[in-house]
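To be precise, the following lines are data.cif, and they hold mmCIF, C-alpha atoms, pLDDT in the B column; chains and numbers go by the auth columns.
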```
data_model
#
loop_
_atom_site.group_PDB
_atom_site.id
_atom_site.type_symbol
_atom_site.label_atom_id
_atom_site.label_comp_id
_atom_site.label_asym_id
_atom_site.label_seq_id
_atom_site.Cartn_x
_atom_site.Cartn_y
_atom_site.Cartn_z
_atom_site.B_iso_or_equiv
_atom_site.auth_seq_id
_atom_site.auth_asym_id
ATOM 1 C CA MET A 1 62.909 52.818 -16.300 60.00 299 Y
ATOM 2 C CA LYS A 2 65.884 50.945 -17.707 59.00 300 Y
ATOM 3 C CA PHE A 3 63.767 47.889 -18.657 57.00 301 Y
ATOM 4 C CA LEU A 4 61.359 50.001 -20.711 61.00 302 Y
ATOM 5 C CA ASP A 5 64.254 51.790 -22.354 60.00 303 Y
ATOM 6 C CA ASP A 6 65.774 48.427 -23.262 58.00 304 Y
ATOM 7 C CA LEU A 7 62.466 47.377 -24.850 58.00 305 Y
ATOM 8 C CA ARG A 8 62.332 50.570 -26.939 60.00 306 Y
ATOM 9 C CA ASN A 9 65.911 50.186 -28.107 62.00 307 Y
ATOM 10 C CA LEU A 10 65.760 46.511 -29.089 62.00 308 Y
ATOM 11 C CA ASP A 11 67.523 45.512 -32.255 59.00 309 Y
ATOM 12 C CA ARG A 12 65.348 42.895 -33.967 64.00 310 Y
ATOM 13 C CA ASN A 13 68.274 41.848 -36.148 63.00 311 Y
ATOM 14 C CA ASN A 14 70.479 41.127 -33.131 64.00 312 Y
ATOM 15 C CA ILE A 15 68.390 39.031 -30.761 64.00 313 Y
ATOM 16 C CA GLY A 16 71.513 37.562 -29.199 63.00 314 Y
ATOM 17 C CA GLY A 17 72.574 41.005 -28.071 65.00 315 Y
ATOM 18 C CA TRP A 18 69.347 41.742 -26.137 65.00 316 Y
ATOM 19 C CA PRO A 19 69.689 42.425 -22.400 69.00 317 Y
ATOM 20 C CA VAL A 20 69.171 39.434 -20.104 71.00 318 Y
ATOM 21 C CA SER A 21 66.109 40.996 -18.476 72.00 319 Y
ATOM 22 C CA VAL A 22 64.392 41.375 -21.850 67.00 320 Y
ATOM 23 C CA LYS A 23 65.242 37.806 -22.831 71.00 321 Y
ATOM 24 C CA LEU A 24 63.783 36.559 -19.525 78.00 322 Y
ATOM 25 C CA PHE A 25 60.629 38.623 -20.078 76.00 323 Y
ATOM 26 C CA PHE A 26 59.994 37.178 -23.539 73.00 324 Y
ATOM 27 C CA CYS A 27 60.734 33.646 -22.316 78.00 325 Y
ATOM 28 C CA ALA A 28 58.154 34.128 -19.551 80.00 326 Y
ATOM 29 C CA MET A 29 55.616 35.476 -22.069 81.00 327 Y
ATOM 30 C CA LEU A 30 56.260 32.507 -24.360 79.00 328 Y
ATOM 31 C CA PHE A 31 55.818 30.106 -21.431 79.00 329 Y
ATOM 32 C CA VAL A 32 52.460 31.718 -20.522 81.00 330 Y
ATOM 33 C CA VAL A 33 51.262 31.513 -24.131 80.00 331 Y
ATOM 34 C CA ILE A 34 52.228 27.830 -24.289 81.00 332 Y
ATOM 35 C CA LEU A 35 50.355 27.151 -21.023 78.00 333 Y
ATOM 36 C CA LEU A 36 47.229 28.960 -22.240 77.00 334 Y
ATOM 37 C CA ALA A 37 47.306 27.142 -25.576 76.00 335 Y
ATOM 38 C CA GLY A 38 47.782 23.787 -23.827 73.00 336 Y
ATOM 39 C CA TRP A 39 44.881 24.479 -21.471 70.00 337 Y
ATOM 40 C CA TYR A 40 42.613 25.541 -24.307 72.00 338 Y
ATOM 41 C CA PHE A 41 43.350 22.600 -26.592 69.00 339 Y
ATOM 42 C CA LYS A 42 43.833 19.863 -23.994 70.00 340 Y
ATOM 43 C CA VAL A 43 42.610 20.720 -20.528 67.00 341 Y
ATOM 44 C CA SER A 44 39.286 22.266 -21.600 67.00 342 Y
ATOM 45 C CA ASP A 45 38.427 19.110 -23.595 71.00 343 Y
ATOM 46 C CA GLN A 46 39.276 16.959 -20.606 74.00 344 Y
ATOM 47 C CA GLN A 47 37.103 19.127 -18.373 73.00 345 Y
ATOM 48 C CA ASP A 48 34.146 18.691 -20.747 76.00 346 Y
ATOM 49 C CA GLU A 49 34.785 14.952 -20.788 79.00 347 Y
ATOM 50 C CA MET A 50 34.989 14.917 -16.987 81.00 348 Y
ATOM 51 C CA LYS A 51 31.638 16.711 -16.712 84.00 349 Y
ATOM 52 C CA THR A 52 30.088 14.147 -19.070 84.00 350 Y
ATOM 53 C CA LEU A 53 31.529 11.285 -17.022 84.00 351 Y
ATOM 54 C CA GLN A 54 30.272 12.859 -13.791 85.00 352 Y
ATOM 55 C CA THR A 55 26.773 13.077 -15.266 86.00 353 Y
ATOM 56 C CA GLN A 56 26.980 9.421 -16.323 87.00 354 Y
ATOM 57 C CA GLU A 57 28.219 8.503 -12.850 86.00 355 Y
ATOM 58 C CA GLU A 58 25.208 10.159 -11.198 87.00 356 Y
ATOM 59 C CA SER A 59 22.846 8.407 -13.628 88.00 357 Y
ATOM 60 C CA LEU A 60 24.480 5.029 -12.965 88.00 358 Y
ATOM 61 C CA LYS A 61 24.306 5.618 -9.206 87.00 359 Y
ATOM 62 C CA GLN A 62 20.572 6.308 -9.425 88.00 360 Y
ATOM 63 C CA GLU A 63 20.025 3.240 -11.637 88.00 361 Y
ATOM 64 C CA PHE A 64 22.031 1.093 -9.212 87.00 362 Y
ATOM 65 C CA THR A 65 20.015 2.391 -6.238 85.00 363 Y
ATOM 66 C CA GLN A 66 16.738 1.589 -8.003 84.00 364 Y
ATOM 67 C CA LYS A 67 17.859 -1.909 -9.010 83.00 365 Y
ATOM 68 C CA GLN A 68 19.252 -2.571 -5.542 81.00 366 Y
ATOM 69 C CA ALA A 69 15.888 -1.610 -4.006 79.00 367 Y
ATOM 70 C CA LYS A 70 14.106 -3.969 -6.399 78.00 368 Y
ATOM 71 C CA ALA A 71 16.564 -6.769 -5.642 80.00 369 Y
ATOM 72 C CA VAL A 72 16.059 -6.327 -1.889 79.00 370 Y
ATOM 73 C CA ASN A 73 12.261 -6.521 -2.289 81.00 371 Y
ATOM 74 C CA LEU A 74 12.311 -9.336 -4.853 81.00 372 Y
ATOM 75 C CA GLU A 75 12.222 -12.273 -2.444 82.00 373 Y
ATOM 76 C CA PRO A 76 9.448 -10.813 -0.221 83.00 374 Y
ATOM 77 C CA LEU A 77 7.420 -10.069 -3.363 83.00 375 Y
ATOM 78 C CA LYS A 78 7.893 -13.641 -4.609 85.00 376 Y
ATOM 79 C CA ALA A 79 6.786 -14.978 -1.223 86.00 377 Y
ATOM 80 C CA GLN A 80 3.757 -12.670 -1.268 87.00 378 Y
ATOM 81 C CA LEU A 81 2.869 -13.832 -4.787 87.00 379 Y
ATOM 82 C CA GLU A 82 3.036 -17.490 -3.738 86.00 380 Y
ATOM 83 C CA GLU A 83 0.866 -16.713 -0.706 87.00 381 Y
ATOM 84 C CA MET A 84 -1.728 -15.034 -2.929 87.00 382 Y
ATOM 85 C CA LYS A 85 -1.688 -18.033 -5.285 80.00 383 Y
ATOM 86 C CA ASP A 86 -2.285 -20.369 -2.320 82.00 384 Y
ATOM 87 C CA MET A 87 -5.211 -18.218 -1.176 82.00 385 Y
ATOM 88 C CA LEU A 88 -6.633 -18.305 -4.702 74.00 386 Y
ATOM 89 C CA ARG A 89 -6.326 -22.103 -4.817 73.00 387 Y
ATOM 90 C CA GLN A 90 -8.128 -22.397 -1.484 76.00 388 Y
ATOM 91 C CA MET A 91 -10.946 -20.171 -2.721 74.00 389 Y
ATOM 92 C CA LEU A 92 -11.197 -22.109 -5.976 70.00 390 Y
ATOM 93 C CA ARG A 93 -11.450 -25.387 -4.049 72.00 391 Y
ATOM 94 C CA GLN A 94 -14.821 -24.169 -2.826 75.00 392 Y
ATOM 95 C CA LEU A 95 -16.032 -24.576 -6.398 78.00 393 Y
ATOM 96 C CA PRO A 96 -17.373 -27.917 -7.647 80.00 394 Y
ATOM 97 C CA SER A 97 -14.874 -30.650 -8.484 79.00 395 Y
ATOM 98 C CA LYS A 98 -14.645 -32.587 -11.741 82.00 396 Y
ATOM 99 C CA THR A 99 -16.792 -35.435 -10.405 82.00 397 Y
ATOM 100 C CA GLU A 100 -19.392 -33.010 -9.047 82.00 398 Y
ATOM 101 C CA MET A 101 -19.816 -31.050 -12.273 85.00 399 Y
ATOM 102 C CA PRO A 102 -22.304 -33.414 -14.050 88.00 400 Y
ATOM 103 C CA GLU A 103 -24.517 -33.483 -10.951 88.00 401 Y
ATOM 104 C CA LEU A 104 -24.241 -29.712 -10.666 85.00 402 Y
ATOM 105 C CA LEU A 105 -25.494 -29.220 -14.237 88.00 403 Y
ATOM 106 C CA VAL A 106 -28.489 -31.429 -13.449 90.00 404 Y
ATOM 107 C CA ASP A 107 -29.128 -29.402 -10.273 89.00 405 Y
ATOM 108 C CA ILE A 108 -29.098 -26.140 -12.246 89.00 406 Y
ATOM 109 C CA SER A 109 -31.566 -27.415 -14.827 91.00 407 Y
ATOM 110 C CA GLN A 110 -33.792 -28.929 -12.091 92.00 408 Y
ATOM 111 C CA THR A 111 -33.713 -25.619 -10.216 91.00 409 Y
ATOM 112 C CA ALA A 112 -34.936 -23.862 -13.360 92.00 410 Y
ATOM 113 C CA LEU A 113 -37.782 -26.346 -13.742 93.00 411 Y
ATOM 114 C CA SER A 114 -38.702 -26.042 -10.064 93.00 412 Y
ATOM 115 C CA ALA A 115 -38.930 -22.272 -10.486 92.00 413 Y
ATOM 116 C CA GLY A 116 -41.485 -22.812 -13.265 93.00 414 Y
ATOM 117 C CA LEU A 117 -39.211 -21.828 -16.138 93.00 415 Y
ATOM 118 C CA GLY A 118 -39.628 -23.448 -19.499 93.00 416 Y
ATOM 119 C CA ILE A 119 -36.322 -24.781 -20.827 92.00 417 Y
ATOM 120 C CA ASP A 120 -36.183 -24.720 -24.614 93.00 418 Y
ATOM 121 C CA LEU A 121 -32.415 -25.228 -24.694 92.00 419 Y
ATOM 122 C CA PHE A 122 -29.838 -26.261 -22.076 92.00 420 Y
ATOM 123 C CA GLN A 123 -26.661 -27.378 -23.855 91.00 421 Y
ATOM 124 C CA PRO A 124 -23.349 -27.615 -21.936 91.00 422 Y
ATOM 125 C CA GLY A 125 -20.273 -27.092 -24.099 91.00 423 Y
ATOM 126 C CA PRO A 126 -16.690 -28.398 -23.792 92.00 424 Y
ATOM 127 C CA GLU A 127 -14.627 -27.213 -20.844 89.00 425 Y
ATOM 128 C CA ILE A 128 -12.048 -24.471 -21.247 90.00 426 Y
ATOM 129 C CA PRO A 129 -9.135 -25.084 -18.818 88.00 427 Y
ATOM 130 C CA LYS A 130 -7.421 -22.081 -17.237 83.00 428 Y
ATOM 131 C CA GLU A 131 -4.457 -21.957 -14.843 78.00 429 Y
ATOM 132 C CA PHE A 132 -6.335 -22.996 -11.686 77.00 430 Y
ATOM 133 C CA TYR A 133 -9.909 -23.574 -12.856 83.00 431 Y
ATOM 134 C CA ALA A 134 -12.005 -24.650 -15.834 87.00 432 Y
ATOM 135 C CA GLU A 135 -14.882 -22.831 -17.515 88.00 433 Y
ATOM 136 C CA LYS A 136 -18.011 -24.709 -18.552 89.00 434 Y
ATOM 137 C CA PRO A 137 -20.116 -22.736 -21.059 90.00 435 Y
ATOM 138 C CA ILE A 138 -23.837 -23.497 -21.255 90.00 436 Y
ATOM 139 C CA THR A 139 -25.957 -22.343 -24.173 92.00 437 Y
ATOM 140 C CA LEU A 140 -29.532 -21.923 -23.021 90.00 438 Y
ATOM 141 C CA ARG A 141 -32.953 -20.511 -23.764 93.00 439 Y
ATOM 142 C CA MET A 142 -35.436 -20.214 -20.929 93.00 440 Y
ATOM 143 C CA VAL A 143 -38.929 -18.771 -20.824 94.00 441 Y
ATOM 144 C CA GLY A 144 -40.675 -17.469 -17.729 93.00 442 Y
ATOM 145 C CA THR A 145 -41.799 -14.481 -15.716 91.00 443 Y
ATOM 146 C CA TYR A 146 -39.601 -11.977 -13.942 88.00 444 Y
ATOM 147 C CA HIS A 147 -40.412 -13.551 -10.566 91.00 445 Y
ATOM 148 C CA GLN A 148 -39.673 -17.066 -11.865 92.00 446 Y
ATOM 149 C CA PHE A 149 -36.249 -15.949 -13.009 91.00 447 Y
ATOM 150 C CA GLY A 150 -35.675 -14.396 -9.576 90.00 448 Y
ATOM 151 C CA THR A 151 -36.666 -17.697 -7.936 92.00 449 Y
ATOM 152 C CA PHE A 152 -34.257 -19.556 -10.228 90.00 450 Y
ATOM 153 C CA ILE A 153 -31.315 -17.295 -9.337 87.00 451 Y
ATOM 154 C CA SER A 154 -32.134 -17.616 -5.636 89.00 452 Y
ATOM 155 C CA GLY A 155 -32.331 -21.422 -5.972 89.00 453 Y
ATOM 156 C CA VAL A 156 -28.935 -21.629 -7.700 86.00 454 Y
ATOM 157 C CA ALA A 157 -27.371 -19.516 -4.923 84.00 455 Y
ATOM 158 C CA SER A 158 -28.711 -21.915 -2.284 84.00 456 Y
ATOM 159 C CA LEU A 159 -27.211 -25.057 -3.851 81.00 457 Y
ATOM 160 C CA PRO A 160 -24.827 -26.978 -1.530 74.00 458 Y
ATOM 161 C CA ARG A 161 -21.749 -26.211 -3.637 71.00 459 Y
ATOM 162 C CA VAL A 162 -20.580 -22.688 -4.512 69.00 460 Y
ATOM 163 C CA VAL A 163 -21.967 -22.033 -7.977 74.00 461 Y
ATOM 164 C CA ILE A 164 -20.847 -19.072 -10.075 76.00 462 Y
ATOM 165 C CA LEU A 165 -22.838 -18.214 -13.175 77.00 463 Y
ATOM 166 C CA THR A 166 -21.573 -15.426 -15.418 80.00 464 Y
ATOM 167 C CA MET A 167 -23.545 -14.063 -18.338 76.00 465 Y
ATOM 168 C CA HIS A 168 -22.032 -13.840 -21.813 77.00 466 Y
ATOM 169 C CA ASP A 169 -24.011 -12.441 -24.768 78.00 467 Y
ATOM 170 C CA VAL A 170 -27.228 -12.997 -22.836 83.00 468 Y
ATOM 171 C CA SER A 171 -30.447 -11.162 -23.699 86.00 469 Y
ATOM 172 C CA LEU A 172 -33.655 -10.890 -21.691 84.00 470 Y
ATOM 173 C CA ARG A 173 -36.632 -9.803 -23.764 85.00 471 Y
ATOM 174 C CA PRO A 174 -40.420 -10.184 -23.869 88.00 472 Y
ATOM 175 C CA GLU A 175 -41.585 -13.408 -25.466 78.00 473 Y
ATOM 176 C CA ARG A 176 -43.887 -11.399 -27.672 70.00 474 Y
ATOM 177 C CA ALA A 177 -43.191 -7.749 -28.423 56.00 475 Y
ATOM 178 C CA PRO A 178 -45.891 -5.509 -26.905 52.00 476 Y
ATOM 179 C CA VAL A 179 -48.112 -3.383 -29.077 51.00 477 Y
ATOM 180 C CA LYS A 180 -46.345 -0.234 -30.220 51.00 478 Y
ATOM 181 C CA GLY A 181 -46.758 2.526 -27.656 49.00 479 Y
ATOM 182 C CA GLN A 182 -47.876 0.064 -24.969 48.00 480 Y
ATOM 183 C CA ASP A 183 -45.740 -1.058 -22.001 51.00 481 Y
ATOM 184 C CA LEU A 184 -44.966 -4.697 -21.229 54.00 482 Y
ATOM 185 C CA VAL A 185 -47.863 -6.350 -19.469 54.00 483 Y
ATOM 186 C CA PRO A 186 -47.015 -7.044 -15.775 58.00 484 Y
ATOM 187 C CA GLY A 187 -46.327 -10.733 -15.263 61.00 485 Y
ATOM 188 C CA GLY A 188 -45.703 -11.209 -18.992 77.00 486 Y
ATOM 189 C CA MET A 189 -43.408 -13.969 -20.216 88.00 487 Y
ATOM 190 C CA LEU A 190 -39.748 -13.206 -20.787 91.00 488 Y
ATOM 191 C CA VAL A 191 -37.134 -15.073 -22.809 92.00 489 Y
ATOM 192 C CA LEU A 192 -33.571 -15.474 -21.451 89.00 490 Y
ATOM 193 C CA GLU A 193 -31.282 -16.509 -24.282 90.00 491 Y
ATOM 194 C CA GLY A 194 -27.507 -16.706 -24.651 90.00 492 Y
ATOM 195 C CA THR A 195 -24.519 -18.341 -22.967 89.00 493 Y
ATOM 196 C CA VAL A 196 -23.689 -18.579 -19.276 88.00 494 Y
ATOM 197 C CA LYS A 197 -20.515 -20.009 -17.776 87.00 495 Y
ATOM 198 C CA THR A 198 -20.054 -21.996 -14.607 87.00 496 Y
ATOM 199 C CA TYR A 199 -16.709 -22.944 -13.091 86.00 497 Y
ATOM 200 C CA ARG A 200 -14.955 -25.778 -11.306 85.00 498 Y
ATOM 201 C CA TYR A 201 -11.489 -26.078 -9.795 81.00 499 Y
ATOM 202 C CA LEU A 202 -8.806 -28.204 -11.419 81.00 500 Y
ATOM 203 C CA GLU A 203 -7.373 -31.148 -9.521 78.00 501 Y
ATOM 204 C CA ASP A 204 -3.635 -31.197 -8.790 72.00 502 Y
ATOM 205 C CA GLU A 205 -2.996 -33.813 -11.451 75.00 503 Y
ATOM 206 C CA GLU A 206 -4.773 -31.605 -14.009 74.00 504 Y
ATOM 207 C CA THR A 207 -2.618 -28.557 -13.245 69.00 505 Y
ATOM 208 C CA GLY A 208 0.647 -30.522 -12.975 65.00 506 Y
ATOM 209 C CA GLU A 209 1.127 -29.685 -9.301 53.00 507 Y
ATOM 210 C CA SER A 210 1.360 -33.351 -8.317 44.00 508 Y
ATOM 211 C CA SER A 211 4.217 -33.968 -10.762 42.00 509 Y
ATOM 212 C CA LYS A 212 6.244 -31.299 -8.972 45.00 510 Y
ATOM 213 C CA THR A 213 6.024 -33.137 -5.658 41.00 511 Y
ATOM 214 C CA LYS A 214 6.445 -36.732 -6.871 44.00 512 Y
ATOM 215 C CA PRO A 215 10.051 -38.034 -6.869 43.00 513 Y
ATOM 216 C CA ALA A 216 11.550 -38.818 -10.239 45.00 514 Y
ATOM 217 C CA PRO A 217 11.516 -42.561 -11.126 46.00 515 Y
ATOM 218 C CA ARG A 218 14.816 -44.346 -10.726 42.00 516 Y
ATOM 219 C CA LYS A 219 16.591 -45.884 -13.688 44.00 517 Y
ATOM 220 C CA GLY A 220 16.012 -49.599 -14.087 45.00 518 Y
ATOM 221 C CA GLY A 221 12.828 -49.457 -11.972 45.00 519 Y
ATOM 222 C CA LYS A 222 14.812 -49.797 -8.691 41.00 520 Y
#
```
Render the structure in this file as structure tokens.
Amino acid sequence: MKFLDDLRNLDRNNIGGWPVSVKLFFCAMLFVVILLAGWYFKVSDQQDEMKTLQTQEESLKQEFTQKQAKAVNLEPLKAQLEEMKDMLRQMLRQLPSKTEMPELLVDISQTALSAGLGIDLFQPGPEIPKEFYAEKPITLRMVGTYHQFGTFISGVASLPRVVILTMHDVSLRPERAPVKGQDLVPGGMLVLEGTVKTYRYLEDEETGESSKTKPAPRKGGK
């Protein structure tokens, strides 16, 4: 072919004298090389960057979807939380009030005496206020039989007000340790010693609820 013959007979020292077809061929080759080099150094980097951005876009879409779902459910969850708090307040109002607490402590000690328990120590401690209620710890030491303690617990449960007694560091042991290798004598005396806690609900003025509903005082007392 004439084109191949022209390529074989090229004079490298006389580029200007090359046939037009050969010049066009080399120009096309040069153009292809420039395109490939541009793609390699520029386009490939942009493609990698685009892939990274696409991955970030998918991650941001997922994060947005999750946050949007939380935002949609936020108000119903707040309403549900307030409803649960109201239910808790109503349940706590079944506990003794501040004015009923002294009488309740007397009722507990009288119930123990009525059950036949010996009270060596019955010492109420200072109250510990919580968010909706207050704890009243009682350090005590009582002596009696198993059945007397059962009668005491039953008597406390039957008091007019709801009374909750929780045990903290309480031990129940024989008054006198039995002889080694011998079981506790039936009907023997037991010693209940430790701290119990009873609870009462806090009034609105104690929790600050009343201050939220009262209007702010006007300036100048008007």
Query raised in the report: When the PyMOL selection byres ((chain Y and resi 444) around 12) is applied to the file above, which residues end up in the set, as an MDAnalysis selection string?
Result: chainID Y and resid 413:415 440:443 445:451 470:473 482:490
Suppose you want the space between CA of Val461 (chain Y) and CA of Ala410 (chain Y); what is it in Å?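 Interatomic distance, CA of Val461 (chain Y) to CA of Ala410 (chain Y): 14.2 Å.
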- Query: What is the distance, in Å and to one decimal place, between CA of Leu463 (chain Y) and CA of Lys383 (chain Y)?
  - Reply: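 Computed distance, CA of Leu463 (chain Y) to CA of Lys383 (chain Y), equals 22.6 Å.
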note - CA of Ala377 (chain Y) and CA of Gln360 (chain Y) are separated by 26.7 Å
Practice item. Tell me which of Y:Val494, Y:His466, Y:Asn371, Y:Lys396 sits closest to Gly423 (chain Y), counting only C-alpha atoms. Key: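 With only C-alpha atoms as the atom set, the closest residue is Y:Val494.
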Hey, could you make a per-residue contact list for region 368-411 of chain Y against region 498-504 of chain Y with 7 Å as the cut-off, showing the nearest pair of atoms and its distance in Å to one decimal, counting only C-alpha atoms, sorted by chain and number, as CSV?
```
residue,atom,partner,partner_atom,distance
Y:Leu390,CA,Y:Tyr499,CA,5.5
Y:Arg391,CA,Y:Tyr499,CA,5.8
Y:Leu393,CA,Y:Arg498,CA,5.2
Y:Pro394,CA,Y:Arg498,CA,4.9
Y:Ser395,CA,Y:Arg498,CA,5.6
Y:Lys396,CA,Y:Arg498,CA,6.8
```
Identify all residues satisfying the PyMOL selection byres ((chain Y and resi 406) around 10) in the given file; provide them as a PDB file with C-alpha atoms, in the coordinates of the input.
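Done, and the output landed in out38.pdb:
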```
ATOM      1  CA  GLU Y 401     -24.517 -33.483 -10.951  1.00 88.00           C
ATOM      2  CA  LEU Y 402     -24.241 -29.712 -10.666  1.00 85.00           C
ATOM      3  CA  LEU Y 403     -25.494 -29.220 -14.237  1.00 88.00           C
ATOM      4  CA  VAL Y 404     -28.489 -31.429 -13.449  1.00 90.00           C
ATOM      5  CA  ASP Y 405     -29.128 -29.402 -10.273  1.00 89.00           C
ATOM      6  CA  SER Y 407     -31.566 -27.415 -14.827  1.00 91.00           C
ATOM      7  CA  GLN Y 408     -33.792 -28.929 -12.091  1.00 92.00           C
ATOM      8  CA  THR Y 409     -33.713 -25.619 -10.216  1.00 91.00           C
ATOM      9  CA  ALA Y 410     -34.936 -23.862 -13.360  1.00 92.00           C
ATOM     10  CA  LEU Y 411     -37.782 -26.346 -13.742  1.00 93.00           C
ATOM     11  CA  SER Y 412     -38.702 -26.042 -10.064  1.00 93.00           C
ATOM     12  CA  PHE Y 420     -29.838 -26.261 -22.076  1.00 92.00           C
ATOM     13  CA  PHE Y 450     -34.257 -19.556 -10.228  1.00 90.00           C
ATOM     14  CA  ILE Y 451     -31.315 -17.295  -9.337  1.00 87.00           C
ATOM     15  CA  GLY Y 453     -32.331 -21.422  -5.972  1.00 89.00           C
ATOM     16  CA  VAL Y 454     -28.935 -21.629  -7.700  1.00 86.00           C
ATOM     17  CA  LEU Y 457     -27.211 -25.057  -3.851  1.00 81.00           C
ATOM     18  CA  VAL Y 461     -21.967 -22.033  -7.977  1.00 74.00           C
TER      19      VAL Y 461
END
```
Mind working out the centre and edge lengths of an axis-aligned box for region 327-339 of chain Y, all listed atoms inside, 6 Å added to each side, rounded to one decimal in Å and written as JSON?
```
{"center_x": 49.4, "center_y": 29.0, "center_z": -23.6, "size_x": 25.6, "size_y": 24.9, "size_z": 18.1}
```
Using only C-alpha atoms, the residue out of Y:Thr496, Y:Val330, Y:Leu322, Y:Thr464 with shortest distance to Pro422 (chain Y) is Y:Thr496
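Here the PyMOL selection byres ((chain Y and resi 431) around 7) catches exactly these residues: Pro427, Lys428, Glu429, Phe430, Ala432, Glu433, Tyr497, Arg498, Tyr499 and Leu500 of chain Y.
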Start from the incomplete input, build all heavy atoms for region 454-460 of chain Y, and deliver everything as a CSV table (one decimal), keeping the file's coordinate frame.
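The file below, out39.csv, is the result:
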```csv
chain,number,residue,atom,x,y,z
Y,454,VAL,N,-30.3,-21.3,-7.3
Y,454,VAL,CA,-28.9,-21.6,-7.7
Y,454,VAL,C,-28.0,-21.2,-6.6
Y,454,VAL,O,-27.0,-21.9,-6.2
Y,454,VAL,CB,-28.5,-21.0,-9.0
Y,454,VAL,CG1,-27.0,-21.1,-9.3
Y,454,VAL,CG2,-29.3,-21.6,-10.2
Y,455,ALA,N,-28.2,-20.0,-6.0
Y,455,ALA,CA,-27.4,-19.5,-4.9
Y,455,ALA,C,-27.4,-20.4,-3.7
Y,455,ALA,O,-26.5,-20.4,-2.9
Y,455,ALA,CB,-27.8,-18.1,-4.6
Y,456,SER,N,-28.5,-21.1,-3.5
Y,456,SER,CA,-28.7,-21.9,-2.3
Y,456,SER,C,-28.3,-23.4,-2.5
Y,456,SER,O,-28.4,-24.2,-1.6
Y,456,SER,CB,-30.2,-21.9,-1.8
Y,456,SER,OG,-31.0,-22.5,-2.8
Y,457,LEU,N,-27.7,-23.7,-3.6
Y,457,LEU,CA,-27.2,-25.1,-3.9
Y,457,LEU,C,-26.1,-25.3,-2.9
Y,457,LEU,O,-25.3,-24.4,-2.5
Y,457,LEU,CB,-26.7,-25.2,-5.3
Y,457,LEU,CG,-27.8,-25.2,-6.4
Y,457,LEU,CD1,-27.2,-25.3,-7.8
Y,457,LEU,CD2,-28.8,-26.4,-6.2
Y,458,PRO,N,-25.9,-26.6,-2.5
Y,458,PRO,CA,-24.8,-27.0,-1.5
Y,458,PRO,C,-23.4,-26.5,-1.9
Y,458,PRO,O,-22.7,-26.0,-1.1
Y,458,PRO,CB,-24.9,-28.5,-1.5
Y,458,PRO,CG,-26.2,-28.9,-1.9
Y,458,PRO,CD,-26.6,-27.8,-2.9
Y,459,ARG,N,-23.1,-26.7,-3.2
Y,459,ARG,CA,-21.7,-26.2,-3.6
Y,459,ARG,C,-21.8,-24.8,-4.1
Y,459,ARG,O,-22.9,-24.3,-4.5
Y,459,ARG,CB,-21.3,-27.1,-4.8
Y,459,ARG,CG,-20.3,-28.2,-4.5
Y,459,ARG,CD,-19.1,-27.6,-3.8
Y,459,ARG,NE,-18.0,-28.6,-3.8
Y,459,ARG,CZ,-16.8,-28.4,-3.3
Y,459,ARG,NH1,-16.6,-27.3,-2.7
Y,459,ARG,NH2,-15.9,-29.3,-3.3
Y,460,VAL,N,-20.7,-24.1,-4.0
Y,460,VAL,CA,-20.6,-22.7,-4.5
Y,460,VAL,C,-20.7,-22.7,-6.0
Y,460,VAL,O,-19.9,-23.4,-6.7
Y,460,VAL,CB,-19.2,-22.0,-4.1
Y,460,VAL,CG1,-19.1,-20.6,-4.7
Y,460,VAL,CG2,-19.2,-21.9,-2.6
```
